[in-house]
$ cat my_file_31.cif   # mmCIF, C-alpha atoms
data_structure
loop_
_atom_site.label_atom_id
_atom_site.label_comp_id
_atom_site.auth_asym_id
_atom_site.auth_seq_id
_atom_site.Cartn_x
_atom_site.Cartn_y
_atom_site.Cartn_z
CA MET W 1 -6.79 34.29 27.00
CA LYS W 2 -7.43 30.80 25.79
CA TRP W 3 -9.38 29.39 22.89
CA PRO W 4 -10.71 25.95 23.83
CA VAL W 5 -11.45 24.31 20.50
CA ALA W 6 -9.33 25.82 17.78
CA LEU W 7 -5.84 26.63 16.61
CA ILE W 8 -5.06 29.50 14.28
CA PHE W 9 -1.75 30.44 12.73
CA CYS W 10 -1.66 34.06 11.51
CA LEU W 11 0.85 35.63 9.19
CA THR W 12 1.95 39.23 8.76
CA PRO W 13 -0.83 41.79 8.16
CA SER W 14 -0.65 41.38 4.39
CA PHE W 15 -1.63 37.74 4.78
CA ALA W 16 -3.97 38.07 7.78
CA GLN W 17 -7.09 37.73 5.67
CA THR W 18 -6.05 34.19 4.68
CA ALA W 19 -4.78 32.98 8.04
CA PRO W 20 -5.53 29.26 8.41
CA THR W 21 -7.75 27.94 11.17
CA LEU W 22 -7.11 24.39 12.39
CA ALA W 23 -10.12 23.13 14.30
CA LEU W 24 -10.20 20.66 17.19
CA PRO W 25 -13.05 18.50 18.48
CA PRO W 26 -15.50 20.23 20.85
CA ALA W 27 -14.14 18.20 23.78
CA ALA W 28 -10.77 20.00 23.58
CA THR W 29 -9.61 22.29 26.38
CA GLN W 30 -6.44 24.36 26.29
CA THR W 31 -4.14 23.39 29.16
CA ALA W 32 -0.98 25.44 28.60
CA GLU W 33 0.63 28.11 26.43
CA ASP W 34 4.18 29.45 26.27
CA ALA W 35 5.04 32.33 23.92
CA GLU W 36 8.16 34.28 22.92
CA SER W 37 7.83 37.29 20.65
CA LEU W 38 11.25 36.50 19.15
CA GLY W 39 12.76 33.10 19.76
CA SER W 40 14.25 30.03 18.14
CA TYR W 41 13.10 26.43 17.82
CA ALA W 42 14.86 23.28 16.65
CA LEU W 43 12.17 21.89 14.31
CA PRO W 44 12.47 18.08 14.02
CA VAL W 45 12.56 16.92 10.38
CA GLY W 46 13.79 13.36 10.91
CA PRO W 47 13.87 10.48 13.43
CA TRP W 48 16.29 9.90 16.27
CA LYS W 49 19.41 8.16 15.04
CA ASP W 50 23.11 8.21 15.80
CA ASN W 51 22.62 10.06 19.09
CA GLY W 52 20.52 12.88 17.67
CA ILE W 53 17.60 13.99 15.54
CA GLU W 54 17.78 16.06 12.39
CA THR W 55 16.39 19.54 13.01
CA TRP W 56 16.04 22.87 11.27
CA PRO W 57 16.84 25.98 13.33
CA VAL W 58 13.89 28.33 12.79
CA GLU W 59 13.30 31.77 14.26
CA GLY W 60 10.41 34.14 14.83
CA GLU W 61 7.52 34.33 17.24
CA VAL W 62 7.41 30.95 18.99
CA ILE W 63 4.10 29.83 20.48
CA GLN W 64 3.69 26.43 22.10
CA THR W 65 0.19 25.41 23.12
CA ALA W 66 -1.22 22.20 24.60
CA TRP W 67 -4.75 20.84 24.56
CA ARG W 68 -6.47 17.97 26.31
CA ILE W 69 -9.27 16.23 24.40
CA ARG W 70 -11.50 14.34 26.80
CA ASP W 71 -12.41 11.35 24.67
CA ASP W 72 -11.46 7.76 25.49
CA LYS W 73 -12.15 6.47 21.98
CA GLN W 74 -10.03 8.69 19.70
CA THR W 75 -6.72 7.16 18.62
CA THR W 76 -3.63 9.26 17.97
CA LEU W 77 -4.22 8.78 14.24
CA ALA W 78 -7.81 10.01 14.57
CA LEU W 79 -6.53 13.11 16.35
CA LEU W 80 -3.71 13.89 13.94
CA ALA W 81 -5.14 12.98 10.54
CA PRO W 82 -7.76 15.74 10.22
CA LEU W 83 -5.27 18.38 11.41
CA ARG W 84 -2.76 17.15 8.84
CA ASP W 85 -5.38 17.39 6.11
CA GLN W 86 -6.25 20.93 7.20
CA LEU W 87 -2.59 21.95 7.07
CA LYS W 88 -2.30 20.60 3.54
CA ALA W 89 -5.46 22.45 2.53
CA GLU W 90 -3.87 25.67 3.85
CA ASP W 91 -0.79 25.19 1.61
CA PHE W 92 1.53 23.72 4.24
CA ASP W 93 4.05 21.15 3.03
CA ILE W 94 4.54 18.19 5.37
CA LEU W 95 8.25 17.99 6.14
CA TYR W 96 8.26 14.93 8.38
CA GLN W 97 5.83 12.67 10.21
CA CYS W 98 6.35 9.56 12.32
CA GLU W 99 4.79 7.28 14.92
CA THR W 100 6.33 6.14 18.24
CA ASP W 101 9.17 3.68 17.44
CA ALA W 102 9.70 5.07 13.94
CA CYS W 103 10.30 8.49 15.53
CA GLY W 104 12.83 7.05 17.94
CA GLY W 105 10.66 6.51 21.01
CA PHE W 106 11.92 8.03 24.26
CA ASP W 107 15.10 9.37 22.65
CA PHE W 108 13.11 11.41 20.13
CA LEU W 109 10.90 12.91 22.84
CA TYR W 110 13.88 13.64 25.09
CA ALA W 111 15.63 15.51 22.27
CA THR W 112 12.71 17.74 21.32
CA ASP W 113 10.82 20.43 23.21
CA VAL W 114 7.72 19.07 25.01
CA LEU W 115 5.59 21.02 27.46
CA PRO W 116 5.61 19.48 30.96
CA GLU W 117 3.12 17.10 32.56
CA PRO W 118 0.27 17.18 33.37
CA GLU W 119 -0.61 19.85 30.80
CA MET W 120 0.95 17.79 28.01
CA HIS W 121 0.89 14.06 28.63
CA VAL W 122 2.90 11.78 26.34
CA ASP W 123 2.57 7.99 26.35
CA LEU W 124 5.99 6.63 25.34
CA GLY W 125 4.26 3.75 23.60
CA ASP W 126 1.69 5.75 21.63
CA PHE W 127 2.48 9.12 20.08
CA ARG W 128 2.67 10.74 16.65
CA PHE W 129 4.64 13.74 15.41
CA LEU W 130 4.39 15.99 12.37
CA SER W 131 6.32 19.04 11.16
CA ALA W 132 5.26 21.31 8.30
CA ARG W 133 6.23 24.51 6.50
CA ARG W 134 4.38 27.10 4.47
CA SER W 135 6.28 29.53 2.24
CA ARG W 136 4.78 32.64 0.74
CA GLY W 137 7.45 34.70 -0.93
CA ALA W 138 10.06 35.54 1.69
CA VAL W 139 7.73 34.61 4.57
CA ASN W 140 8.12 31.14 6.10
CA GLU W 141 5.83 29.70 8.76
CA TYR W 142 6.54 26.45 10.62
CA VAL W 143 4.26 24.18 12.59
CA SER W 144 4.88 21.00 14.56
CA LEU W 145 2.18 18.81 16.07
CA LEU W 146 2.69 16.16 18.76
CA VAL W 147 -0.25 13.96 19.73
CA SER W 148 -0.54 11.28 22.38
CA ARG W 149 -3.15 9.95 24.78
CA SER W 150 -3.93 8.60 28.22
CA SER W 151 -6.62 6.10 29.19
CA ASP W 152 -9.36 8.73 29.03
CA SER W 153 -8.05 11.62 26.93
CA GLY W 154 -6.07 12.66 23.91
CA TYR W 155 -3.32 15.31 24.12
CA LEU W 156 -2.06 17.71 21.48
CA GLN W 157 0.92 20.06 21.50
CA MET W 158 1.27 22.63 18.72
CA THR W 159 4.44 24.66 18.17
CA ARG W 160 4.09 27.54 15.73
CA VAL W 161 7.06 29.65 14.56
CA GLY W 162 6.75 32.58 12.19
CA ALA W 163 5.83 36.23 11.86
CA GLU W 164 4.16 37.74 14.87
CA VAL W 165 0.46 36.90 15.14
CA SER W 166 -1.48 39.98 14.14
CA ALA W 167 -5.09 38.79 14.12
CA PRO W 168 -7.35 37.43 16.87
CA ILE W 169 -7.71 33.72 17.44
CA MET W 170 -10.86 32.35 15.85
CA GLN W 171 -12.97 29.52 17.18
CA ALA W 172 -14.12 26.58 15.11
CA GLU W 173 -15.07 22.96 15.67
CA ILE W 174 -14.21 20.04 13.47
CA GLU W 175 -17.12 17.88 12.36
CA PRO W 176 -16.98 14.15 13.24
CA GLU W 177 -17.36 13.36 9.54
CA ALA W 178 -14.09 15.16 8.83
CA ILE W 179 -12.27 12.96 11.33
CA GLU W 180 -13.74 9.82 9.79
CA LYS W 181 -12.90 10.92 6.23
CA ALA W 182 -9.32 11.78 7.11
CA VAL W 183 -8.71 8.57 9.02
CA GLN W 184 -10.31 6.41 6.34
CA SER W 185 -7.84 7.80 3.81
CA THR W 186 -4.68 7.14 5.84
CA GLY W 187 -2.99 4.32 7.71
CA THR W 188 -3.26 0.56 7.32
CA LEU W 189 -6.62 -1.19 7.16
CA THR W 190 -6.39 -2.23 10.80
CA GLN W 191 -5.32 1.26 11.91
CA ARG W 192 -8.32 2.73 10.08
CA LEU W 193 -10.58 0.10 11.60
CA ASP W 194 -9.41 0.88 15.13
CA ALA W 195 -9.59 4.63 14.54
CA ALA W 196 -13.00 4.88 12.88
CA GLY W 197 -14.69 1.68 14.07
CA SER W 198 -15.41 0.55 10.51
CA VAL W 199 -13.58 0.24 7.22
CA VAL W 200 -14.52 -0.52 3.63
CA LEU W 201 -12.84 -3.61 2.19
CA ASP W 202 -11.89 -1.68 -0.92
CA ASP W 203 -10.15 -4.43 -2.89
CA LEU W 204 -13.39 -6.48 -3.05
CA ARG W 205 -15.49 -5.86 -6.14
CA PHE W 206 -18.89 -7.27 -7.11
CA ASP W 207 -20.66 -7.17 -10.46
CA THR W 208 -24.29 -6.08 -10.48
CA GLY W 209 -26.43 -8.92 -9.11
CA SER W 210 -23.40 -11.08 -8.20
CA VAL W 211 -22.21 -12.36 -4.82
CA ALA W 212 -19.02 -14.02 -6.14
CA LEU W 213 -15.65 -12.54 -5.25
CA GLY W 214 -13.74 -14.48 -7.85
CA PRO W 215 -10.42 -16.31 -7.51
CA GLY W 216 -7.27 -14.99 -5.91
CA LYS W 217 -6.15 -13.57 -2.62
CA PHE W 218 -7.44 -10.32 -1.16
CA GLN W 219 -5.14 -8.23 1.02
CA SER W 220 -8.02 -6.70 2.98
CA LEU W 221 -9.22 -10.16 4.01
CA ALA W 222 -5.70 -11.24 4.99
CA ASP W 223 -5.31 -8.08 7.08
CA LEU W 224 -8.72 -8.52 8.69
CA ALA W 225 -8.07 -12.17 9.55
CA ALA W 226 -4.74 -11.22 11.15
CA TYR W 227 -6.49 -8.46 13.10
CA LEU W 228 -9.08 -10.92 14.44
CA LYS W 229 -6.38 -13.39 15.43
CA ALA W 230 -4.44 -10.67 17.26
CA ASN W 231 -7.62 -9.42 18.98
CA PRO W 232 -9.62 -12.49 20.05
CA ASP W 233 -11.95 -10.28 22.15
CA ARG W 234 -13.11 -8.32 19.09
CA ARG W 235 -16.27 -9.07 17.11
CA ILE W 236 -16.68 -7.86 13.54
CA ALA W 237 -19.92 -7.41 11.59
CA LEU W 238 -19.56 -7.64 7.82
CA VAL W 239 -22.13 -5.33 6.23
CA GLY W 240 -23.02 -5.73 2.57
CA HIS W 241 -24.12 -2.85 0.32
CA THR W 242 -25.50 -2.68 -3.23
CA ASP W 243 -26.13 -0.16 -5.95
CA ALA W 244 -29.69 1.04 -6.56
CA GLU W 245 -30.58 -1.35 -9.38
CA GLY W 246 -33.71 -3.32 -8.48
CA SER W 247 -36.05 -3.39 -5.51
CA LEU W 248 -35.04 -2.73 -1.92
CA ASP W 249 -36.03 -6.19 -0.67
CA ALA W 250 -34.03 -7.89 -3.41
CA ASN W 251 -31.00 -5.68 -2.74
CA ILE W 252 -31.09 -6.29 1.01
CA ALA W 253 -31.08 -10.03 0.34
CA LEU W 254 -28.25 -9.61 -2.19
CA SER W 255 -26.14 -7.48 0.14
CA ARG W 256 -26.59 -10.01 2.93
CA ARG W 257 -25.39 -12.81 0.63
CA ARG W 258 -22.35 -10.74 -0.31
CA ALA W 259 -21.44 -10.24 3.32
CA GLN W 260 -21.98 -13.94 3.98
CA SER W 261 -19.74 -14.77 1.02
CA VAL W 262 -16.96 -12.60 2.45
CA ARG W 263 -17.41 -14.19 5.88
CA GLN W 264 -17.04 -17.65 4.36
CA HIS W 265 -13.86 -16.60 2.52
CA LEU W 266 -12.40 -15.28 5.78
CA ILE W 267 -13.14 -18.56 7.56
CA SER W 268 -12.22 -21.06 4.86
CA ASP W 269 -9.34 -19.27 3.10
CA TYR W 270 -7.81 -17.18 5.88
CA GLY W 271 -8.52 -19.18 9.03
CA ALA W 272 -10.68 -16.57 10.78
CA ASN W 273 -12.62 -17.64 13.89
CA PRO W 274 -16.34 -17.98 12.92
CA SER W 275 -17.43 -16.82 16.38
CA GLN W 276 -15.82 -13.42 15.77
CA LEU W 277 -17.74 -12.76 12.55
CA SER W 278 -21.34 -11.99 11.65
CA ALA W 279 -22.80 -10.95 8.30
CA ASP W 280 -25.76 -8.83 7.25
CA GLY W 281 -26.80 -6.39 4.54
CA VAL W 282 -28.56 -3.06 4.09
CA GLY W 283 -29.09 -3.02 0.32
CA TYR W 284 -28.83 0.42 -1.25
CA LEU W 285 -29.80 2.37 1.89
CA SER W 286 -26.28 3.64 2.63
CA PRO W 287 -24.59 4.74 -0.62
CA ARG W 288 -21.15 6.31 -0.55
CA ALA W 289 -21.32 7.58 -4.14
CA THR W 290 -23.95 8.56 -6.68
CA ASN W 291 -25.95 5.78 -8.33
CA MET W 292 -26.26 7.95 -11.46
CA THR W 293 -22.92 6.81 -12.89
CA GLN W 294 -21.27 3.45 -13.50
CA GLU W 295 -18.31 4.46 -11.32
CA GLY W 296 -20.62 5.41 -8.47
CA ARG W 297 -22.58 2.18 -8.67
CA THR W 298 -19.31 0.23 -8.57
CA GLU W 299 -18.28 2.12 -5.41
CA ASN W 300 -21.62 1.34 -3.79
CA ARG W 301 -21.29 -2.42 -4.32
CA ARG W 302 -19.10 -3.10 -1.33
CA VAL W 303 -18.67 -4.84 2.03
CA GLU W 304 -17.63 -2.99 5.18
CA ALA W 305 -16.12 -4.42 8.36
CA MET W 306 -17.48 -2.87 11.56
CA ILE W 307 -16.36 -3.48 15.15
CA THR W 308 -19.39 -4.49 17.20
CA SER W 309 -17.75 -5.63 20.45
CA THR W 310 -14.41 -5.47 22.23
CA GLN W 311 -15.41 -7.91 24.99
#

$ encode --input "my_file_31.cif" --output "structure tokens"
Amino acid sequence: MKWPVALIFCLTPSFAQTAPTLALPPAATQTAEDAESLGSYALPVGPWKDNGIETWPVEGEVIQTAWRIRDDKQTTLALLAPLRDQLKAEDFDILYQCETDACGGFDFLYATDVLPEPEMHVDLGDFRFLSARRSRGAVNEYVSLLVSRSSDSGYLQMTRVGAEVSAPIMQAEIEPEAIEKAVQSTGTLTQRLDAAGSVVLDDLRFDTGSVALGPGKFQSLADLAAYLKANPDRRIALVGHTDAEGSLDANIALSRRRAQSVRQHLISDYGANPSQLSADGVGYLSPRATNMTQEGRTENRRVEAMITSTQ
């Protein structure tokens, strides 16, 4: 059997009612599975160095499964981040995680167990790895995730080691909002921008009714300017937002001026190319927090950077 859009890791019968379900996007299709009822697995818990990688020898039922996600826009971070968050929510501790060169590149992949092509494709220049453990009393369960991609698809390999699976696989789909939320909370600003298509410039703050940023340097603007310089084919729209104080027309005008202020800072203070930047505002029409509290209103007064073109 195969379960096209979900992963589930089940414990012994006493824990079966709380078995975690890790959901994949609807475009996922299982491509391979290899299972041993009692086997061993060298779980990577460190990068390649000094002619080897640090591993833990773990034993139990070993199930390796691969999926292909037909989506040419998802980055490896966008694929991994929501699964990592789901593991944490199910009481797994992250033992190790890395990306491409930090893992050890080809040497890392050569030293660990990867299902063969074409079922599991790995781009040597773009992959991420994660290992995790969950302990409940004397019962340990281990999971490793390897994600990579090709020009038109993402690929995921899951290795699960633990007590024999005693419950049926369940099917679930991850909502796009969960991917966006997970990606927005991890990685550098430019990684989040590439993964989600937009990012909030969180270190910018505006007082009610004000368009001034104030003196000083802003890391988000420095990062964004460097991103634009490294990607001259990209176009970014700066979108201003306000809290709900005042009329809609006045707030749209205010949010547009805030975005224009940020654009001017990027050009004059950070050397950004004016042709790569536009600015507009939507007032209070897209809040990200409640306007009923001071903290929420502060969160809503913001500027986002959104990729509008890659040509």

$ closest_residue --input "my_file_31.cif" --among "W:Arg301, W:Arg136, W:Lys49, W:Arg192" --to "W:Ile252" --atoms "all atoms listed in the file"
W:Arg301

$ atom_distance --input "my_file_31.cif" --atom1 "atom CA of W:Leu79" --atom2 "atom CA of W:Leu156"
8.2 Å

$ resolve_selection --input "my_file_31.cif" --expression "the PyMOL selection byres ((chain W and resi 109) around 12)" --output "JSON, numbers by chain"
{"W": [44, 47, 48, 52, 53, 98, 99, 100, 101, 102, 103, 104, 105, 106, 107, 108, 110, 111, 112, 113, 114, 115, 116, 121, 122, 123, 124, 125, 126, 127, 128, 129, 146, 147, 148]}

$ closest_residue --input "my_file_31.cif" --among "W:Gln191, W:Ser153, W:Thr308, W:Gln294" --to "W:Glu245" --atoms "only C-alpha atoms"
W:Gln294

$ resolve_selection --input "my_file_31.cif" --expression "the PyMOL selection byres ((chain W and resi 162) around 8)" --output "list in words"
Leu11, Glu59, Gly60, Glu61, Val62, Val139, Asn140, Glu141, Tyr142, Arg160, Val161, Ala163 and Glu164 of chain W

$ closest_residue --input "my_file_31.cif" --among "W:Leu277, W:Asn300, W:Ala253, W:Val211" --to "W:Lys229" --atoms "only C-alpha atoms"
W:Leu277

$ resolve_selection --input "my_file_31.cif" --expression "the PyMOL selection byres ((chain W and resi 261-265) around 12)" --output "short mmCIF file (atom, residue, chain, number, x, y, z; two decimals) with C-alpha atoms, keeping the file's coordinate frame"
data_model
loop_
_atom_site.label_atom_id
_atom_site.label_comp_id
_atom_site.auth_asym_id
_atom_site.auth_seq_id
_atom_site.Cartn_x
_atom_site.Cartn_y
_atom_site.Cartn_z
CA LEU W 201 -12.84 -3.61 2.19
CA ASP W 203 -10.15 -4.43 -2.89
CA LEU W 204 -13.39 -6.48 -3.05
CA ARG W 205 -15.49 -5.86 -6.14
CA PHE W 206 -18.89 -7.27 -7.11
CA SER W 210 -23.40 -11.08 -8.20
CA VAL W 211 -22.21 -12.36 -4.82
CA ALA W 212 -19.02 -14.02 -6.14
CA LEU W 213 -15.65 -12.54 -5.25
CA GLY W 214 -13.74 -14.48 -7.85
CA PRO W 215 -10.42 -16.31 -7.51
CA GLY W 216 -7.27 -14.99 -5.91
CA LYS W 217 -6.15 -13.57 -2.62
CA PHE W 218 -7.44 -10.32 -1.16
CA SER W 220 -8.02 -6.70 2.98
CA LEU W 221 -9.22 -10.16 4.01
CA ALA W 222 -5.70 -11.24 4.99
CA LEU W 224 -8.72 -8.52 8.69
CA ALA W 225 -8.07 -12.17 9.55
CA ILE W 236 -16.68 -7.86 13.54
CA ALA W 237 -19.92 -7.41 11.59
CA LEU W 238 -19.56 -7.64 7.82
CA VAL W 239 -22.13 -5.33 6.23
CA GLY W 240 -23.02 -5.73 2.57
CA LEU W 254 -28.25 -9.61 -2.19
CA SER W 255 -26.14 -7.48 0.14
CA ARG W 256 -26.59 -10.01 2.93
CA ARG W 257 -25.39 -12.81 0.63
CA ARG W 258 -22.35 -10.74 -0.31
CA ALA W 259 -21.44 -10.24 3.32
CA GLN W 260 -21.98 -13.94 3.98
CA LEU W 266 -12.40 -15.28 5.78
CA ILE W 267 -13.14 -18.56 7.56
CA SER W 268 -12.22 -21.06 4.86
CA ASP W 269 -9.34 -19.27 3.10
CA TYR W 270 -7.81 -17.18 5.88
CA GLY W 271 -8.52 -19.18 9.03
CA ALA W 272 -10.68 -16.57 10.78
CA ASN W 273 -12.62 -17.64 13.89
CA PRO W 274 -16.34 -17.98 12.92
CA SER W 275 -17.43 -16.82 16.38
CA GLN W 276 -15.82 -13.42 15.77
CA LEU W 277 -17.74 -12.76 12.55
CA SER W 278 -21.34 -11.99 11.65
CA ALA W 279 -22.80 -10.95 8.30
CA ASP W 280 -25.76 -8.83 7.25
CA GLY W 281 -26.80 -6.39 4.54
CA ARG W 302 -19.10 -3.10 -1.33
CA VAL W 303 -18.67 -4.84 2.03
CA GLU W 304 -17.63 -2.99 5.18
CA ALA W 305 -16.12 -4.42 8.36
#

$ residues_near_point --input "my_file_31.cif" --point "(-8.1, 18.2, 24.3)" --cutoff "7 Å" --atoms "only C-alpha atoms" --output "PyMOL selection string"
chain W and resi 27-30+67-70+154-156

$ axis_aligned_box --input "my_file_31.cif" --around "stretch 77-87 of chain W" --padding-each-side "5 Å" --output "JSON"
{"center_x": -5.2, "center_y": 15.4, "center_z": 11.2, "size_x": 15.2, "size_y": 23.2, "size_z": 20.2}
